[in-house]
file protein_29.cif (mmCIF, N, CA and C atoms)
data_entry
loop_
_atom_site.label_atom_id
_atom_site.label_comp_id
_atom_site.auth_asym_id
_atom_site.auth_seq_id
_atom_site.Cartn_x
_atom_site.Cartn_y
_atom_site.Cartn_z
N MET O 1 56.57 113.29 -166.91
CA MET O 1 56.20 112.57 -165.70
C MET O 1 56.28 113.52 -164.51
N ASN O 2 55.21 113.55 -163.69
CA ASN O 2 55.18 114.50 -162.59
C ASN O 2 55.39 113.87 -161.23
N GLY O 3 55.60 112.56 -161.15
CA GLY O 3 55.95 111.94 -159.89
C GLY O 3 54.81 111.37 -159.07
N TYR O 4 53.55 111.53 -159.49
CA TYR O 4 52.42 110.99 -158.73
C TYR O 4 51.67 109.98 -159.58
N TRP O 5 51.42 108.82 -159.03
CA TRP O 5 50.59 107.83 -159.71
C TRP O 5 49.14 108.19 -159.52
N ASP O 6 48.35 107.96 -160.56
CA ASP O 6 46.92 108.22 -160.47
C ASP O 6 46.27 107.18 -159.55
N PHE O 7 45.18 107.56 -158.93
CA PHE O 7 44.44 106.65 -158.06
C PHE O 7 43.00 106.62 -158.52
N PRO O 8 42.40 105.46 -158.68
CA PRO O 8 43.02 104.16 -158.50
C PRO O 8 44.04 103.89 -159.60
N TYR O 9 44.98 103.03 -159.29
CA TYR O 9 46.05 102.70 -160.23
C TYR O 9 45.46 102.21 -161.54
N ARG O 10 46.04 102.71 -162.64
CA ARG O 10 45.59 102.27 -163.95
C ARG O 10 46.70 102.52 -164.97
N ILE O 11 46.53 101.96 -166.13
CA ILE O 11 47.47 102.14 -167.23
C ILE O 11 46.84 103.14 -168.20
N ASP O 12 47.63 104.13 -168.63
CA ASP O 12 47.08 105.14 -169.54
C ASP O 12 47.11 104.63 -170.98
N GLY O 13 46.69 105.46 -171.91
CA GLY O 13 46.58 105.08 -173.32
C GLY O 13 47.91 104.72 -173.96
N SER O 14 49.02 105.21 -173.41
CA SER O 14 50.33 104.90 -173.98
C SER O 14 50.95 103.65 -173.38
N GLY O 15 50.22 102.98 -172.47
CA GLY O 15 50.73 101.76 -171.86
C GLY O 15 51.59 101.99 -170.64
N HIS O 16 51.62 103.22 -170.14
CA HIS O 16 52.39 103.55 -168.94
C HIS O 16 51.47 103.76 -167.75
N THR O 17 52.07 103.83 -166.58
CA THR O 17 51.29 104.11 -165.38
C THR O 17 50.71 105.52 -165.51
N ALA O 18 49.40 105.64 -165.30
CA ALA O 18 48.74 106.94 -165.39
C ALA O 18 49.26 107.86 -164.30
N GLN O 19 49.43 109.13 -164.64
CA GLN O 19 49.97 110.13 -163.73
C GLN O 19 48.87 111.08 -163.26
N ALA O 20 49.12 111.71 -162.12
CA ALA O 20 48.18 112.70 -161.58
C ALA O 20 48.96 113.94 -161.16
N ASN O 21 48.27 115.09 -161.17
CA ASN O 21 48.92 116.30 -160.67
C ASN O 21 48.85 116.30 -159.15
N GLU O 22 49.52 117.27 -158.52
CA GLU O 22 49.59 117.29 -157.06
C GLU O 22 48.21 117.42 -156.40
N ASP O 23 47.34 118.25 -156.95
CA ASP O 23 46.01 118.42 -156.38
C ASP O 23 45.21 117.12 -156.41
N ASP O 24 45.23 116.43 -157.54
CA ASP O 24 44.51 115.16 -157.65
C ASP O 24 45.13 114.09 -156.74
N HIS O 25 46.45 114.13 -156.61
CA HIS O 25 47.14 113.19 -155.74
C HIS O 25 46.72 113.38 -154.28
N ILE O 26 46.68 114.61 -153.82
CA ILE O 26 46.28 114.89 -152.44
C ILE O 26 44.82 114.50 -152.21
N ARG O 27 43.96 114.83 -153.16
CA ARG O 27 42.55 114.44 -153.04
C ARG O 27 42.42 112.91 -152.93
N ALA O 28 43.19 112.19 -153.73
CA ALA O 28 43.16 110.73 -153.67
C ALA O 28 43.67 110.21 -152.33
N LEU O 29 44.69 110.86 -151.77
CA LEU O 29 45.19 110.45 -150.46
C LEU O 29 44.13 110.68 -149.38
N ILE O 30 43.44 111.81 -149.45
CA ILE O 30 42.37 112.09 -148.49
C ILE O 30 41.28 111.02 -148.62
N TYR O 31 40.91 110.71 -149.84
CA TYR O 31 39.91 109.67 -150.09
C TYR O 31 40.34 108.34 -149.45
N GLN O 32 41.61 107.98 -149.64
CA GLN O 32 42.11 106.72 -149.09
C GLN O 32 42.07 106.71 -147.57
N VAL O 33 42.43 107.83 -146.94
CA VAL O 33 42.38 107.90 -145.48
C VAL O 33 40.93 107.77 -145.01
N LEU O 34 40.00 108.46 -145.66
CA LEU O 34 38.61 108.44 -145.22
C LEU O 34 37.95 107.08 -145.38
N PHE O 35 38.20 106.42 -146.49
CA PHE O 35 37.45 105.22 -146.81
C PHE O 35 38.20 103.90 -146.59
N THR O 36 39.39 103.96 -146.00
CA THR O 36 40.10 102.74 -145.63
C THR O 36 39.76 102.42 -144.19
N THR O 37 39.44 101.17 -143.94
CA THR O 37 39.10 100.71 -142.60
C THR O 37 40.34 100.12 -141.94
N ALA O 38 40.50 100.38 -140.66
CA ALA O 38 41.63 99.81 -139.93
C ALA O 38 41.67 98.30 -140.15
N GLY O 39 42.86 97.79 -140.45
CA GLY O 39 43.04 96.38 -140.71
C GLY O 39 43.10 96.02 -142.18
N GLU O 40 42.72 96.93 -143.08
CA GLU O 40 42.74 96.64 -144.51
C GLU O 40 44.15 96.62 -145.09
N ARG O 41 45.04 97.42 -144.57
CA ARG O 41 46.41 97.50 -145.08
C ARG O 41 47.31 96.57 -144.28
N VAL O 42 47.96 95.66 -144.96
CA VAL O 42 48.77 94.64 -144.29
C VAL O 42 49.89 95.27 -143.46
N ASN O 43 50.66 96.15 -144.03
CA ASN O 43 51.80 96.73 -143.32
C ASN O 43 51.45 97.97 -142.51
N ARG O 44 50.23 98.43 -142.58
CA ARG O 44 49.76 99.57 -141.78
C ARG O 44 48.35 99.26 -141.28
N PRO O 45 48.23 98.36 -140.33
CA PRO O 45 46.90 97.93 -139.89
C PRO O 45 46.08 99.02 -139.21
N ASP O 46 46.70 100.11 -138.79
CA ASP O 46 45.95 101.19 -138.13
C ASP O 46 45.67 102.36 -139.07
N PHE O 47 45.99 102.19 -140.37
CA PHE O 47 45.77 103.26 -141.35
C PHE O 47 44.28 103.44 -141.63
N GLY O 48 43.86 104.69 -141.82
CA GLY O 48 42.49 105.00 -142.24
C GLY O 48 41.63 105.47 -141.09
N CYS O 49 40.38 105.81 -141.43
CA CYS O 49 39.45 106.23 -140.38
C CYS O 49 38.13 105.49 -140.44
N GLY O 50 37.94 104.63 -141.42
CA GLY O 50 36.78 103.75 -141.42
C GLY O 50 35.44 104.42 -141.64
N LEU O 51 35.40 105.42 -142.48
CA LEU O 51 34.16 106.14 -142.73
C LEU O 51 33.05 105.22 -143.25
N LEU O 52 33.41 104.17 -143.97
CA LEU O 52 32.40 103.26 -144.52
C LEU O 52 31.59 102.56 -143.44
N HIS O 53 32.19 102.29 -142.29
CA HIS O 53 31.46 101.63 -141.21
C HIS O 53 30.37 102.53 -140.62
N LEU O 54 30.51 103.82 -140.80
CA LEU O 54 29.53 104.74 -140.25
C LEU O 54 28.20 104.67 -140.99
N ALA O 55 28.21 104.06 -142.17
CA ALA O 55 26.99 103.92 -142.96
C ALA O 55 25.95 103.06 -142.24
N PHE O 56 26.40 102.27 -141.28
CA PHE O 56 25.50 101.36 -140.58
C PHE O 56 25.01 101.91 -139.24
N LEU O 57 25.40 103.13 -138.91
CA LEU O 57 24.98 103.76 -137.67
C LEU O 57 23.81 104.71 -137.93
N PRO O 58 22.97 104.96 -136.95
CA PRO O 58 21.87 105.91 -137.13
C PRO O 58 22.43 107.31 -137.42
N ASN O 59 21.94 107.91 -138.48
CA ASN O 59 22.43 109.22 -138.90
C ASN O 59 21.84 110.31 -138.00
N GLY O 60 22.63 111.34 -137.74
CA GLY O 60 22.15 112.45 -136.93
C GLY O 60 23.30 113.33 -136.48
N SER O 61 23.01 114.28 -135.60
CA SER O 61 24.02 115.26 -135.19
C SER O 61 25.14 114.61 -134.38
N VAL O 62 24.84 113.60 -133.58
CA VAL O 62 25.89 112.93 -132.80
C VAL O 62 26.87 112.22 -133.72
N LEU O 63 26.35 111.54 -134.75
CA LEU O 63 27.22 110.88 -135.72
C LEU O 63 28.06 111.92 -136.46
N ALA O 64 27.47 113.04 -136.82
CA ALA O 64 28.20 114.10 -137.52
C ALA O 64 29.35 114.62 -136.67
N MET O 65 29.12 114.87 -135.38
CA MET O 65 30.18 115.36 -134.50
C MET O 65 31.28 114.32 -134.33
N ALA O 66 30.92 113.06 -134.15
CA ALA O 66 31.92 112.01 -134.00
C ALA O 66 32.74 111.85 -135.27
N THR O 67 32.08 111.95 -136.41
CA THR O 67 32.76 111.83 -137.69
C THR O 67 33.73 112.98 -137.89
N GLN O 68 33.33 114.18 -137.52
CA GLN O 68 34.21 115.35 -137.64
C GLN O 68 35.50 115.12 -136.85
N TYR O 69 35.39 114.66 -135.64
CA TYR O 69 36.55 114.38 -134.79
C TYR O 69 37.41 113.27 -135.40
N LEU O 70 36.78 112.21 -135.85
CA LEU O 70 37.47 111.06 -136.44
C LEU O 70 38.26 111.47 -137.69
N VAL O 71 37.61 112.21 -138.58
CA VAL O 71 38.23 112.63 -139.83
C VAL O 71 39.39 113.58 -139.57
N GLN O 72 39.17 114.58 -138.73
CA GLN O 72 40.23 115.55 -138.41
C GLN O 72 41.47 114.83 -137.87
N GLY O 73 41.27 113.92 -136.94
CA GLY O 73 42.39 113.19 -136.35
C GLY O 73 43.13 112.32 -137.35
N ALA O 74 42.38 111.60 -138.18
CA ALA O 74 43.01 110.70 -139.15
C ALA O 74 43.79 111.48 -140.21
N LEU O 75 43.21 112.56 -140.72
CA LEU O 75 43.92 113.35 -141.73
C LEU O 75 45.17 114.00 -141.16
N THR O 76 45.08 114.48 -139.93
CA THR O 76 46.24 115.09 -139.29
C THR O 76 47.33 114.04 -139.07
N ARG O 77 46.93 112.87 -138.64
CA ARG O 77 47.90 111.81 -138.37
C ARG O 77 48.62 111.35 -139.64
N TRP O 78 47.86 111.09 -140.70
CA TRP O 78 48.44 110.45 -141.87
C TRP O 78 48.93 111.41 -142.95
N LEU O 79 48.40 112.62 -143.01
CA LEU O 79 48.77 113.52 -144.11
C LEU O 79 49.36 114.84 -143.64
N ASP O 80 49.75 114.93 -142.38
CA ASP O 80 50.24 116.19 -141.83
C ASP O 80 51.46 116.75 -142.56
N SER O 81 52.29 115.90 -143.14
CA SER O 81 53.47 116.39 -143.85
C SER O 81 53.10 117.02 -145.19
N LEU O 82 51.92 116.72 -145.72
CA LEU O 82 51.49 117.25 -147.01
C LEU O 82 50.48 118.39 -146.90
N VAL O 83 49.58 118.29 -145.91
CA VAL O 83 48.50 119.28 -145.79
C VAL O 83 48.31 119.69 -144.34
N LYS O 84 47.81 120.91 -144.19
CA LYS O 84 47.36 121.37 -142.88
C LYS O 84 45.85 121.42 -142.94
N VAL O 85 45.19 120.62 -142.12
CA VAL O 85 43.73 120.58 -142.12
C VAL O 85 43.23 121.84 -141.43
N GLU O 86 42.52 122.66 -142.17
CA GLU O 86 41.99 123.92 -141.65
C GLU O 86 40.63 123.71 -140.99
N ALA O 87 39.81 122.87 -141.60
CA ALA O 87 38.47 122.63 -141.05
C ALA O 87 37.90 121.34 -141.61
N VAL O 88 37.08 120.70 -140.80
CA VAL O 88 36.31 119.54 -141.24
C VAL O 88 34.87 119.82 -140.83
N ASP O 89 33.99 119.84 -141.81
CA ASP O 89 32.57 120.06 -141.55
C ASP O 89 31.82 118.81 -141.98
N VAL O 90 31.02 118.30 -141.08
CA VAL O 90 30.24 117.10 -141.36
C VAL O 90 28.77 117.44 -141.17
N THR O 91 27.98 117.13 -142.17
CA THR O 91 26.54 117.34 -142.06
C THR O 91 25.82 116.02 -142.26
N ALA O 92 24.81 115.81 -141.47
CA ALA O 92 23.98 114.61 -141.56
C ALA O 92 22.59 115.07 -141.97
N GLN O 93 22.16 114.60 -143.13
CA GLN O 93 20.84 114.97 -143.62
C GLN O 93 20.18 113.73 -144.19
N GLU O 94 19.08 113.34 -143.56
CA GLU O 94 18.36 112.12 -143.90
C GLU O 94 19.33 110.94 -143.89
N ALA O 95 19.50 110.24 -145.00
CA ALA O 95 20.36 109.06 -145.03
C ALA O 95 21.74 109.36 -145.62
N THR O 96 22.16 110.62 -145.60
CA THR O 96 23.42 111.01 -146.22
C THR O 96 24.32 111.73 -145.23
N LEU O 97 25.56 111.31 -145.18
CA LEU O 97 26.57 111.96 -144.38
C LEU O 97 27.55 112.62 -145.35
N THR O 98 27.72 113.94 -145.24
CA THR O 98 28.61 114.67 -146.13
C THR O 98 29.79 115.21 -145.32
N VAL O 99 30.99 114.94 -145.82
CA VAL O 99 32.21 115.39 -145.16
C VAL O 99 32.89 116.40 -146.08
N ARG O 100 33.10 117.60 -145.55
CA ARG O 100 33.76 118.69 -146.29
C ARG O 100 35.07 118.99 -145.57
N VAL O 101 36.18 118.90 -146.31
CA VAL O 101 37.50 119.12 -145.73
C VAL O 101 38.12 120.35 -146.37
N VAL O 102 38.55 121.29 -145.54
CA VAL O 102 39.28 122.47 -146.00
C VAL O 102 40.72 122.29 -145.53
N TYR O 103 41.65 122.34 -146.47
CA TYR O 103 43.05 122.15 -146.12
C TYR O 103 43.93 123.09 -146.94
N SER O 104 45.13 123.32 -146.44
CA SER O 104 46.12 124.07 -147.21
C SER O 104 47.30 123.15 -147.47
N LYS O 105 47.80 123.23 -148.70
CA LYS O 105 48.96 122.42 -149.06
C LYS O 105 50.20 122.99 -148.40
N ARG O 106 50.99 122.17 -147.80
CA ARG O 106 52.22 122.63 -147.15
C ARG O 106 53.22 123.15 -148.18
N SER O 107 53.19 122.63 -149.40
CA SER O 107 54.15 123.02 -150.43
C SER O 107 53.92 124.44 -150.94
N THR O 108 52.66 124.88 -150.97
CA THR O 108 52.36 126.20 -151.55
C THR O 108 51.55 127.10 -150.63
N GLY O 109 50.89 126.54 -149.64
CA GLY O 109 50.00 127.32 -148.78
C GLY O 109 48.62 127.52 -149.37
N GLU O 110 48.41 127.02 -150.58
CA GLU O 110 47.13 127.16 -151.27
C GLU O 110 46.04 126.39 -150.53
N THR O 111 44.89 127.04 -150.32
CA THR O 111 43.77 126.41 -149.62
C THR O 111 42.83 125.75 -150.63
N THR O 112 42.39 124.55 -150.29
CA THR O 112 41.51 123.77 -151.16
C THR O 112 40.38 123.18 -150.33
N VAL O 113 39.22 123.01 -150.95
CA VAL O 113 38.07 122.40 -150.31
C VAL O 113 37.70 121.15 -151.11
N VAL O 114 37.54 120.02 -150.41
CA VAL O 114 37.06 118.79 -151.05
C VAL O 114 35.87 118.29 -150.25
N GLN O 115 34.97 117.62 -150.95
CA GLN O 115 33.76 117.14 -150.30
C GLN O 115 33.49 115.70 -150.71
N PHE O 116 33.11 114.89 -149.73
CA PHE O 116 32.79 113.49 -149.96
C PHE O 116 31.44 113.21 -149.35
N THR O 117 30.64 112.41 -150.02
CA THR O 117 29.33 112.04 -149.51
C THR O 117 29.29 110.55 -149.29
N GLN O 118 28.84 110.16 -148.11
CA GLN O 118 28.73 108.76 -147.75
C GLN O 118 27.30 108.47 -147.36
N PRO O 119 26.64 107.55 -148.04
CA PRO O 119 25.27 107.21 -147.62
C PRO O 119 25.29 106.57 -146.24
N GLY O 120 24.33 106.90 -145.44
CA GLY O 120 24.23 106.34 -144.08
C GLY O 120 22.93 105.60 -143.92
N ALA O 121 22.80 104.93 -142.82
CA ALA O 121 21.55 104.23 -142.52
C ALA O 121 20.53 105.23 -142.01
N SER O 122 19.30 105.03 -142.36
CA SER O 122 18.27 105.97 -141.90
C SER O 122 17.71 105.57 -140.58
#
call {"tool": "encode", "arguments": {"input": "protein_29.cif", "output": "structure tokens"}}
result
Amino acid sequence: MNGYWDFPYRIDGSGHTAQANEDDHIRALIYQVLFTTAGERVNRPDFGCGLLHLAFLPNGSVLAMATQYLVQGALTRWLDSLVKVEAVDVTAQEATLTVRVVYSKRSTGETTVVQFTQPGAS
């Protein structure tokens, strides 16, 4: 057992809670911050950055810049004890918004890049 539950929560083949390594755990936490909308969590109503709501806005460079600011702030606020956000790059191309996050793990200093794609309105 390595101490991290897999996300989304599931039961593994042996009937126990599925486990994840540290890298997968951090990626899952980033995913949760990006795609949780404020008000979804009962005991943390301000958690998340609401990336899903951006799918209904006109895609373009202004949306990309606003998203970059939103993501950087949310990740710094909620995951600062685990990761140092090095860069957030957001690109808007046609009906797709792509968010690329470069971070270093505080435990090891290792730099990692993760990318998420969110369809947007055209």
call {"tool": "residues_around", "arguments": {"input": "protein_29.cif", "residues": "Ile30 of chain O", "least_positions_apart": "4", "cutoff": "8 Å", "atoms": "only C-alpha atoms", "output": "ChimeraX atom specification"}}
result
/O:26,34,75,79
call {"tool": "closest_residue", "arguments": {"input": "protein_29.cif", "among": "O:Ala38, O:Leu70, O:Val101, O:Val62", "to": "Lys84 of chain O", "atoms": "only C-alpha atoms"}}
result
O:Val101
call {"tool": "residues_near_point", "arguments": {"input": "protein_29.cif", "point": "(41.0, 102.6, -142.6)", "cutoff": "6.5 Å", "atoms": "all atoms listed in the file", "output": "NGL selection string"}}
result
:O and (33-40 or 46-51)
call {"tool": "write_last_selection", "arguments": {"input": "protein_29.cif", "atoms": "N, CA and C atoms", "output": "compact mmCIF listing (two decimals), in the frame of the given file"}}
result
# COMPACT_ATOMS: atom_id res chain seq x y z
N VAL O 33 42.43 107.83 -146.94
CA VAL O 33 42.38 107.90 -145.48
C VAL O 33 40.93 107.77 -145.01
N LEU O 34 40.00 108.46 -145.66
CA LEU O 34 38.61 108.44 -145.22
C LEU O 34 37.95 107.08 -145.38
N PHE O 35 38.20 106.42 -146.49
CA PHE O 35 37.45 105.22 -146.81
C PHE O 35 38.20 103.90 -146.59
N THR O 36 39.39 103.96 -146.00
CA THR O 36 40.10 102.74 -145.63
C THR O 36 39.76 102.42 -144.19
N THR O 37 39.44 101.17 -143.94
CA THR O 37 39.10 100.71 -142.60
C THR O 37 40.34 100.12 -141.94
N ALA O 38 40.50 100.38 -140.66
CA ALA O 38 41.63 99.81 -139.93
C ALA O 38 41.67 98.30 -140.15
N GLY O 39 42.86 97.79 -140.45
CA GLY O 39 43.04 96.38 -140.71
C GLY O 39 43.10 96.02 -142.18
N GLU O 40 42.72 96.93 -143.08
CA GLU O 40 42.74 96.64 -144.51
C GLU O 40 44.15 96.62 -145.09
N ASP O 46 46.70 100.11 -138.79
CA ASP O 46 45.95 101.19 -138.13
C ASP O 46 45.67 102.36 -139.07
N PHE O 47 45.99 102.19 -140.37
CA PHE O 47 45.77 103.26 -141.35
C PHE O 47 44.28 103.44 -141.63
N GLY O 48 43.86 104.69 -141.82
CA GLY O 48 42.49 105.00 -142.24
C GLY O 48 41.63 105.47 -141.09
N CYS O 49 40.38 105.81 -141.43
CA CYS O 49 39.45 106.23 -140.38
C CYS O 49 38.13 105.49 -140.44
N GLY O 50 37.94 104.63 -141.42
CA GLY O 50 36.78 103.75 -141.42
C GLY O 50 35.44 104.42 -141.64
N LEU O 51 35.40 105.42 -142.48
CA LEU O 51 34.16 106.14 -142.73
C LEU O 51 33.05 105.22 -143.25
call {"tool": "closest_residue", "arguments": {"input": "protein_29.cif", "among": "O:Leu29, O:Ser81, O:Pro45, O:Val88", "to": "Tyr69 of chain O", "atoms": "all atoms listed in the file"}}
result
O:Val88
call {"tool": "residues_around", "arguments": {"input": "protein_29.cif", "residues": "segment 3-14 of chain O", "least_positions_apart": "6", "cutoff": "6.5 Å", "atoms": "all atoms listed in the file", "output": "ChimeraX atom specification"}}
result
/O:20-21,25,28
call {"tool": "atom_distance", "arguments": {"input": "protein_29.cif", "atom1": "atom C of Leu57 of chain O", "atom2": "atom CA of Gln72 of chain O"}}
result
19.7 Å
call {"tool": "residues_around", "arguments": {"input": "protein_29.cif", "residues": "Thr108 of chain O", "least_positions_apart": "2", "cutoff": "12 Å", "atoms": "only C-alpha atoms", "output": "VMD selection string"}}
result
chain O and resid 22 to 23 82 to 84 103 to 106 110 to 112
call {"tool": "closest_residue", "arguments": {"input": "protein_29.cif", "among": "O:Leu63, O:Ala74, O:Ala18, O:Ala87", "to": "Arg100 of chain O", "atoms": "only C-alpha atoms"}}
result
O:Ala87
call {"tool": "atom_distance", "arguments": {"input": "protein_29.cif", "atom1": "atom CA of Phe116 of chain O", "atom2": "atom N of Tyr31 of chain O"}}
result
8.6 Å
call {"tool": "select_by_dssp", "arguments": {"input": "protein_29.cif", "residues": "chain O", "states": "strand (DSSP E)", "output": "PyMOL selection string"}}
result
chain O and resi 83-93+96-105+111-119
call {"tool": "write_last_selection", "arguments": {"input": "protein_29.cif", "atoms": "N, CA and C atoms", "output": "mmCIF file, in the frame of the given file"}}
result
data_model
loop_
_atom_site.group_PDB
_atom_site.id
_atom_site.type_symbol
_atom_site.label_atom_id
_atom_site.label_comp_id
_atom_site.auth_asym_id
_atom_site.auth_seq_id
_atom_site.Cartn_x
_atom_site.Cartn_y
_atom_site.Cartn_z
ATOM 1 N N VAL O 83 49.580 118.290 -145.910
ATOM 2 C CA VAL O 83 48.500 119.280 -145.790
ATOM 3 C C VAL O 83 48.310 119.690 -144.340
ATOM 4 N N LYS O 84 47.810 120.910 -144.190
ATOM 5 C CA LYS O 84 47.360 121.370 -142.880
ATOM 6 C C LYS O 84 45.850 121.420 -142.940
ATOM 7 N N VAL O 85 45.190 120.620 -142.120
ATOM 8 C CA VAL O 85 43.730 120.580 -142.120
ATOM 9 C C VAL O 85 43.230 121.840 -141.430
ATOM 10 N N GLU O 86 42.520 122.660 -142.170
ATOM 11 C CA GLU O 86 41.990 123.920 -141.650
ATOM 12 C C GLU O 86 40.630 123.710 -140.990
ATOM 13 N N ALA O 87 39.810 122.870 -141.600
ATOM 14 C CA ALA O 87 38.470 122.630 -141.050
ATOM 15 C C ALA O 87 37.900 121.340 -141.610
ATOM 16 N N VAL O 88 37.080 120.700 -140.800
ATOM 17 C CA VAL O 88 36.310 119.540 -141.240
ATOM 18 C C VAL O 88 34.870 119.820 -140.830
ATOM 19 N N ASP O 89 33.990 119.840 -141.810
ATOM 20 C CA ASP O 89 32.570 120.060 -141.550
ATOM 21 C C ASP O 89 31.820 118.810 -141.980
ATOM 22 N N VAL O 90 31.020 118.300 -141.080
ATOM 23 C CA VAL O 90 30.240 117.100 -141.360
ATOM 24 C C VAL O 90 28.770 117.440 -141.170
ATOM 25 N N THR O 91 27.980 117.130 -142.170
ATOM 26 C CA THR O 91 26.540 117.340 -142.060
ATOM 27 C C THR O 91 25.820 116.020 -142.260
ATOM 28 N N ALA O 92 24.810 115.810 -141.470
ATOM 29 C CA ALA O 92 23.980 114.610 -141.560
ATOM 30 C C ALA O 92 22.590 115.070 -141.970
ATOM 31 N N GLN O 93 22.160 114.600 -143.130
ATOM 32 C CA GLN O 93 20.840 114.970 -143.620
ATOM 33 C C GLN O 93 20.180 113.730 -144.190
ATOM 34 N N THR O 96 22.160 110.620 -145.600
ATOM 35 C CA THR O 96 23.420 111.010 -146.220
ATOM 36 C C THR O 96 24.320 111.730 -145.230
ATOM 37 N N LEU O 97 25.560 111.310 -145.180
ATOM 38 C CA LEU O 97 26.570 111.960 -144.380
ATOM 39 C C LEU O 97 27.550 112.620 -145.350
ATOM 40 N N THR O 98 27.720 113.940 -145.240
ATOM 41 C CA THR O 98 28.610 114.670 -146.130
ATOM 42 C C THR O 98 29.790 115.210 -145.320
ATOM 43 N N VAL O 99 30.990 114.940 -145.820
ATOM 44 C CA VAL O 99 32.210 115.390 -145.160
ATOM 45 C C VAL O 99 32.890 116.400 -146.080
ATOM 46 N N ARG O 100 33.100 117.600 -145.550
ATOM 47 C CA ARG O 100 33.760 118.690 -146.290
ATOM 48 C C ARG O 100 35.070 118.990 -145.570
ATOM 49 N N VAL O 101 36.180 118.900 -146.310
ATOM 50 C CA VAL O 101 37.500 119.120 -145.730
ATOM 51 C C VAL O 101 38.120 120.350 -146.370
ATOM 52 N N VAL O 102 38.550 121.290 -145.540
ATOM 53 C CA VAL O 102 39.280 122.470 -146.000
ATOM 54 C C VAL O 102 40.720 122.290 -145.530
ATOM 55 N N TYR O 103 41.650 122.340 -146.470
ATOM 56 C CA TYR O 103 43.050 122.150 -146.120
ATOM 57 C C TYR O 103 43.930 123.090 -146.940
ATOM 58 N N SER O 104 45.130 123.320 -146.440
ATOM 59 C CA SER O 104 46.120 124.070 -147.210
ATOM 60 C C SER O 104 47.300 123.150 -147.470
ATOM 61 N N LYS O 105 47.800 123.230 -148.700
ATOM 62 C CA LYS O 105 48.960 122.420 -149.060
ATOM 63 C C LYS O 105 50.200 122.990 -148.400
ATOM 64 N N THR O 111 44.890 127.040 -150.320
ATOM 65 C CA THR O 111 43.770 126.410 -149.620
ATOM 66 C C THR O 111 42.830 125.750 -150.630
ATOM 67 N N THR O 112 42.390 124.550 -150.290
ATOM 68 C CA THR O 112 41.510 123.770 -151.160
ATOM 69 C C THR O 112 40.380 123.180 -150.330
ATOM 70 N N VAL O 113 39.220 123.010 -150.950
ATOM 71 C CA VAL O 113 38.070 122.400 -150.310
ATOM 72 C C VAL O 113 37.700 121.150 -151.110
ATOM 73 N N VAL O 114 37.540 120.020 -150.410
ATOM 74 C CA VAL O 114 37.060 118.790 -151.050
ATOM 75 C C VAL O 114 35.870 118.290 -150.250
ATOM 76 N N GLN O 115 34.970 117.620 -150.950
ATOM 77 C CA GLN O 115 33.760 117.140 -150.300
ATOM 78 C C GLN O 115 33.490 115.700 -150.710
ATOM 79 N N PHE O 116 33.110 114.890 -149.730
ATOM 80 C CA PHE O 116 32.790 113.490 -149.960
ATOM 81 C C PHE O 116 31.440 113.210 -149.350
ATOM 82 N N THR O 117 30.640 112.410 -150.020
ATOM 83 C CA THR O 117 29.330 112.040 -149.510
ATOM 84 C C THR O 117 29.290 110.550 -149.290
ATOM 85 N N GLN O 118 28.840 110.160 -148.110
ATOM 86 C CA GLN O 118 28.730 108.760 -147.750
ATOM 87 C C GLN O 118 27.300 108.470 -147.360
ATOM 88 N N PRO O 119 26.640 107.550 -148.040
ATOM 89 C CA PRO O 119 25.270 107.210 -147.620
ATOM 90 C C PRO O 119 25.290 106.570 -146.240
#
call {"tool": "residues_around", "arguments": {"input": "protein_29.cif", "residues": "Ala92 of chain O", "least_positions_apart": "2", "cutoff": "7 Å", "atoms": "all atoms listed in the file", "output": "number ranges by chain"}}
result
O: 59-61, 64, 90, 94-98
call {"tool": "atom_distance", "arguments": {"input": "protein_29.cif", "atom1": "atom CA of Pro58 of chain O", "atom2": "atom N of Gln32 of chain O"}}
result
23.5 Å
call {"tool": "closest_residue", "arguments": {"input": "protein_29.cif", "among": "O:Leu54, O:Val102, O:Val42, O:Gln115", "to": "Val85 of chain O", "atoms": "only N, CA and C atoms"}}
result
O:Val102
call {"tool": "select_by_dssp", "arguments": {"input": "protein_29.cif", "residues": "chain O", "states": "alpha helix (DSSP H)", "output": "JSON, numbers by chain"}}
result
{"O": [22, 23, 24, 25, 26, 27, 28, 29, 30, 31, 32, 33, 34, 35, 61, 62, 63, 64, 65, 66, 67, 68, 69, 70, 71, 72, 73, 74, 75, 76, 77, 78, 79]}
